[in-house]
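A.B. asks: Here you go, this is protein_38.cif (mmCIF, C-alpha atoms).
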```cif
data_target
#
loop_
_atom_site.label_atom_id
_atom_site.label_comp_id
_atom_site.auth_asym_id
_atom_site.auth_seq_id
_atom_site.Cartn_x
_atom_site.Cartn_y
_atom_site.Cartn_z
CA MET Z 1 49.53 89.52 11.72
CA ALA Z 2 47.98 86.41 10.15
CA SER Z 3 44.75 85.12 11.63
CA ASP Z 4 44.59 81.79 13.41
CA PRO Z 5 43.60 79.21 10.76
CA ASN Z 6 41.69 77.24 13.40
CA ASP Z 7 39.64 80.25 14.53
CA PRO Z 8 35.95 79.29 14.01
CA ARG Z 9 35.40 82.62 12.24
CA ASN Z 10 37.50 81.29 9.34
CA ARG Z 11 34.71 78.76 8.66
CA ARG Z 12 37.02 75.84 8.03
CA ARG Z 13 35.44 72.42 7.82
CA TRP Z 14 38.45 70.72 9.45
CA PRO Z 15 41.11 72.01 11.84
CA ARG Z 16 44.52 72.57 10.24
CA LEU Z 17 47.97 71.81 11.56
CA ALA Z 18 51.05 73.82 10.60
CA VAL Z 19 53.89 71.47 9.65
CA SER Z 20 57.11 71.55 7.67
CA VAL Z 21 57.39 68.17 5.97
CA LYS Z 22 58.97 67.28 2.63
CA VAL Z 23 56.68 65.35 0.32
CA SER Z 24 57.13 63.85 -3.11
CA GLY Z 25 54.72 62.55 -5.68
CA ARG Z 26 53.26 63.33 -9.09
CA TRP Z 27 50.87 65.84 -10.58
CA ARG Z 28 48.79 65.53 -13.71
CA ALA Z 29 47.43 68.34 -15.81
CA ARG Z 30 44.05 68.11 -17.53
CA THR Z 31 45.89 67.06 -20.70
CA GLY Z 32 46.92 63.87 -18.91
CA ALA Z 33 50.67 64.55 -18.84
CA GLU Z 34 52.24 63.63 -15.48
CA GLN Z 35 55.22 65.31 -13.85
CA ASP Z 36 57.20 64.79 -10.67
CA LEU Z 37 56.35 66.84 -7.61
CA GLU Z 38 58.75 67.74 -4.82
CA ALA Z 39 57.17 70.04 -2.25
CA LEU Z 40 57.12 71.25 1.31
CA LEU Z 41 53.89 70.57 3.20
CA LEU Z 42 52.93 73.71 5.14
CA TRP Z 43 49.44 72.90 6.46
CA VAL Z 44 47.43 69.70 6.63
CA SER Z 45 43.89 68.73 7.59
CA ALA Z 46 41.61 65.77 7.02
CA GLY Z 47 40.30 67.47 3.90
CA GLY Z 48 43.40 68.89 2.27
CA ALA Z 49 46.84 70.43 2.40
CA GLN Z 50 48.86 73.46 1.48
CA LEU Z 51 52.06 72.70 -0.41
CA ARG Z 52 54.97 74.90 -1.50
CA CYS Z 53 56.84 73.86 -4.63
CA SER Z 54 58.73 75.23 -7.63
CA ALA Z 55 56.69 73.30 -10.21
CA PRO Z 56 54.10 75.35 -12.13
CA VAL Z 57 51.18 73.18 -11.02
CA PRO Z 58 47.94 74.73 -12.34
CA ALA Z 59 44.53 74.92 -10.70
CA ASN Z 60 42.43 71.77 -11.22
CA ALA Z 61 45.53 69.58 -11.67
CA THR Z 62 45.41 66.22 -9.90
CA VAL Z 63 48.08 65.77 -7.24
CA ARG Z 64 49.20 62.54 -5.56
CA PHE Z 65 51.94 62.49 -2.94
CA THR Z 66 53.39 60.46 -0.10
CA LEU Z 67 53.27 62.00 3.34
CA ARG Z 68 54.63 60.83 6.67
CA LEU Z 69 53.17 62.26 9.85
CA GLY Z 70 54.57 61.13 13.13
CA ARG Z 71 56.79 58.09 13.35
CA PHE Z 72 54.53 55.42 11.91
CA GLN Z 73 51.77 57.11 9.93
CA ARG Z 74 52.15 57.11 6.15
CA PHE Z 75 49.52 58.51 3.81
CA GLU Z 76 49.20 58.72 0.04
CA PRO Z 77 46.49 61.31 -0.56
CA THR Z 78 45.18 62.24 -3.97
CA GLY Z 79 43.52 65.58 -4.53
CA ARG Z 80 42.86 68.50 -6.82
CA VAL Z 81 44.59 71.88 -6.77
CA ARG Z 82 41.86 74.36 -5.85
CA TRP Z 83 44.04 77.47 -5.77
CA TRP Z 84 47.63 78.57 -6.19
CA ARG Z 85 49.64 81.72 -5.64
CA ARG Z 86 53.11 82.60 -6.75
CA ILE Z 87 55.59 83.80 -4.14
CA GLY Z 88 58.80 84.75 -5.92
CA GLU Z 89 60.21 81.58 -7.47
CA VAL Z 90 57.84 79.18 -5.71
CA ARG Z 91 54.11 78.47 -5.64
CA ASP Z 92 51.81 77.70 -2.77
CA LEU Z 93 49.08 75.23 -3.70
CA GLY Z 94 45.81 74.54 -1.92
CA VAL Z 95 44.99 70.86 -2.45
CA GLU Z 96 41.56 69.43 -1.62
CA PHE Z 97 41.75 65.68 -1.05
CA ALA Z 98 39.47 63.50 -3.19
CA GLU Z 99 38.07 62.06 0.05
CA PRO Z 100 38.60 63.30 3.62
CA ILE Z 101 41.18 61.19 5.45
CA PRO Z 102 39.92 60.61 9.02
CA ARG Z 103 43.31 59.33 10.28
CA ILE Z 104 44.93 62.62 9.27
CA GLY Z 105 42.11 64.47 11.01
CA GLU Z 106 42.72 62.47 14.18
CA TYR Z 107 46.46 63.15 14.01
CA VAL Z 108 45.80 66.89 13.56
CA ARG Z 109 43.36 66.95 16.48
CA LYS Z 110 45.82 65.19 18.81
CA GLN Z 111 48.68 67.49 17.82
CA LEU Z 112 46.57 70.63 18.33
CA GLU Z 113 45.42 69.37 21.74
CA ALA Z 114 49.02 68.64 22.76
CA ARG Z 115 50.06 72.15 21.69
CA GLU Z 116 47.25 73.69 23.76
CA VAL Z 117 48.34 71.70 26.82
CA SER Z 118 51.96 72.81 26.32
CA LYS Z 119 50.89 76.39 25.71
CA GLY Z 120 48.91 76.36 28.97
CA ARG Z 121 51.94 75.13 30.92
CA PHE Z 122 54.10 78.00 29.70
CA GLU Z 123 51.54 80.75 30.23
CA ARG Z 124 51.36 80.30 33.99
#
```
Would you mind writing the file's structure down as C-alpha cells?
C.D. replies:
Amino acid sequence: MASDPNDPRNRRRWPRLAVSVKVSGRWRARTGAEQDLEALLLWVSAGGAQLRCSAPVPANATVRFTLRLGRFQRFEPTGRVRWWRRIGEVRDLGVEFAEPIPRIGEYVRKQLEAREVSKGRFER
C-alpha cells in the first residue's frame, strides 16, 4: 500500500492534493527546442506537480502548462522536471515550480480540509 503523501514523515515542504486534470502546454529541452505537452495532472502542491504524459520529457527540461483548479482558478506555472519514471508507454514527471504558487497552496489546503471533514462524517 502506498504511503500517505501528506504524512509528515514524508518530509514534504507543501501538502499535496491528488487530482485528475488534463493540462496542456510546452516543454523545452536544454538545447532550446520546444515541443507540445499534453498531460494528466496527478498531484499538485504550491511547489510543484506530478504529470503523466507520453512525451519523452527529460530531467531538467523546462515545462510550462495551463491548469484549471476549481471553477474559476486558472494557473500557468513554469517549472523544471526534477525526476521522471517510465510506466509502460507513459512517463510520470515530477515538476518543481520556478516559484511556489501560494494560491495553489491555499486551494490544496482547502480541498484537504474539506476531505477530512467529509471523511469524519462517514466514519461515525
A.B. asks: Check what the PyMOL selection byres ((chain Z and resi 44) around 10) selects in the file above and give those residues as an MDAnalysis selection string.
C.D. replies: chainID Z and resid 14:20 41:43 45:51 69 94:95 104:105 107:108
A.B. asks: Name the closest residue to Z:Val21 among the candidates Z:Arg85, Z:Ala39, Z:Ala33, Z:Asp92; distances are taken between atoms, counting only C-alpha atoms.
C.D. replies: Z:Ala39
A.B. asks: Using all atoms listed in the file for the distances, tell me which of Z:Ser54, Z:Gly79, Z:Gly25, Z:Arg64 is nearest to Z:Phe97.
C.D. replies: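 Counting all atoms listed in the file, the residue closest to Z:Phe97 is Z:Gly79.
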A.B. asks: If we count all atoms listed in the file, what is near Z:Phe65 at a cut-off of 7 Å, once residues fewer than 4 positions away on the same chain are taken out, given as a PDB file with C-alpha atoms, in the frame of the given file?
C.D. replies:
```
ATOM      1  CA  VAL Z  23      56.680  65.350   0.320  1.00  0.00           C
ATOM      2  CA  SER Z  24      57.130  63.850  -3.110  1.00  0.00           C
ATOM      3  CA  GLY Z  25      54.720  62.550  -5.680  1.00  0.00           C
ATOM      4  CA  ARG Z  26      53.260  63.330  -9.090  1.00  0.00           C
ATOM      5  CA  GLU Z  76      49.200  58.720   0.040  1.00  0.00           C
ATOM      6  CA  PRO Z  77      46.490  61.310  -0.560  1.00  0.00           C
ATOM      7  CA  THR Z  78      45.180  62.240  -3.970  1.00  0.00           C
TER       8      THR Z  78
END
```
A.B. asks: Can you report as AutoDock Vina command-line options the centre and edge lengths in Å, to one decimal, of an axis-aligned box around the listed atoms of stretch 11-27 of chain Z padded with 3 Å on each side?
C.D. replies:
```
--center_x 46.8 --center_y 70.7 --center_z 0.6 --size_x 30.3 --size_y 22.2 --size_z 28.4
```
A.B. asks: I'd like the contact shell of Z:Glu34 - 12 Å cut-off, only C-alpha atoms, skipping same-chain residues fewer than 3 positions apart - returned as a PyMOL selection string.
C.D. replies: chain Z and resi 25-31+37+55+57+61-64
A.B. asks: Please write as number ranges by chain the full residue list that the PyMOL selection byres ((chain Z and resi 84) around 8) yields on this file.
C.D. replies: Z: 58-59, 81-83, 85-86, 91-94
A.B. asks: Please compute the atom CA of Z:Arg71-atom CA of Z:Gln35 distance, one decimal, in Å.
C.D. replies: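 Computing it gives 28.2 Å between the two atoms.
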A.B. asks: In Å, rounded to a single decimal, give me how far atom CA of Z:Glu106 is from atom CA of Z:Arg13.
C.D. replies: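 Atom CA of Z:Glu106 lies 13.9 Å from atom CA of Z:Arg13.
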A.B. asks: Counting all atoms listed in the file, which of Z:Gly70, Z:Glu89, Z:Arg80, Z:Ser118 gets nearest to Z:Arg103?
C.D. replies: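 So, comparing all the options, the nearest one is Z:Gly70.
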A.B. asks: Return the single residue from Z:Arg68, Z:Arg74, Z:Arg52, Z:Arg109 that is closest to Z:Gly88, with distances computed using all atoms listed in the file.
C.D. replies: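 Looking at the shortest contact to Z:Gly88, the residue is Z:Arg52.
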A.B. asks: Can you measure atom CA of Z:Gln73 to atom CA of Z:Arg115 for me? One decimal in Å is fine.
C.D. replies: 19.2 Å
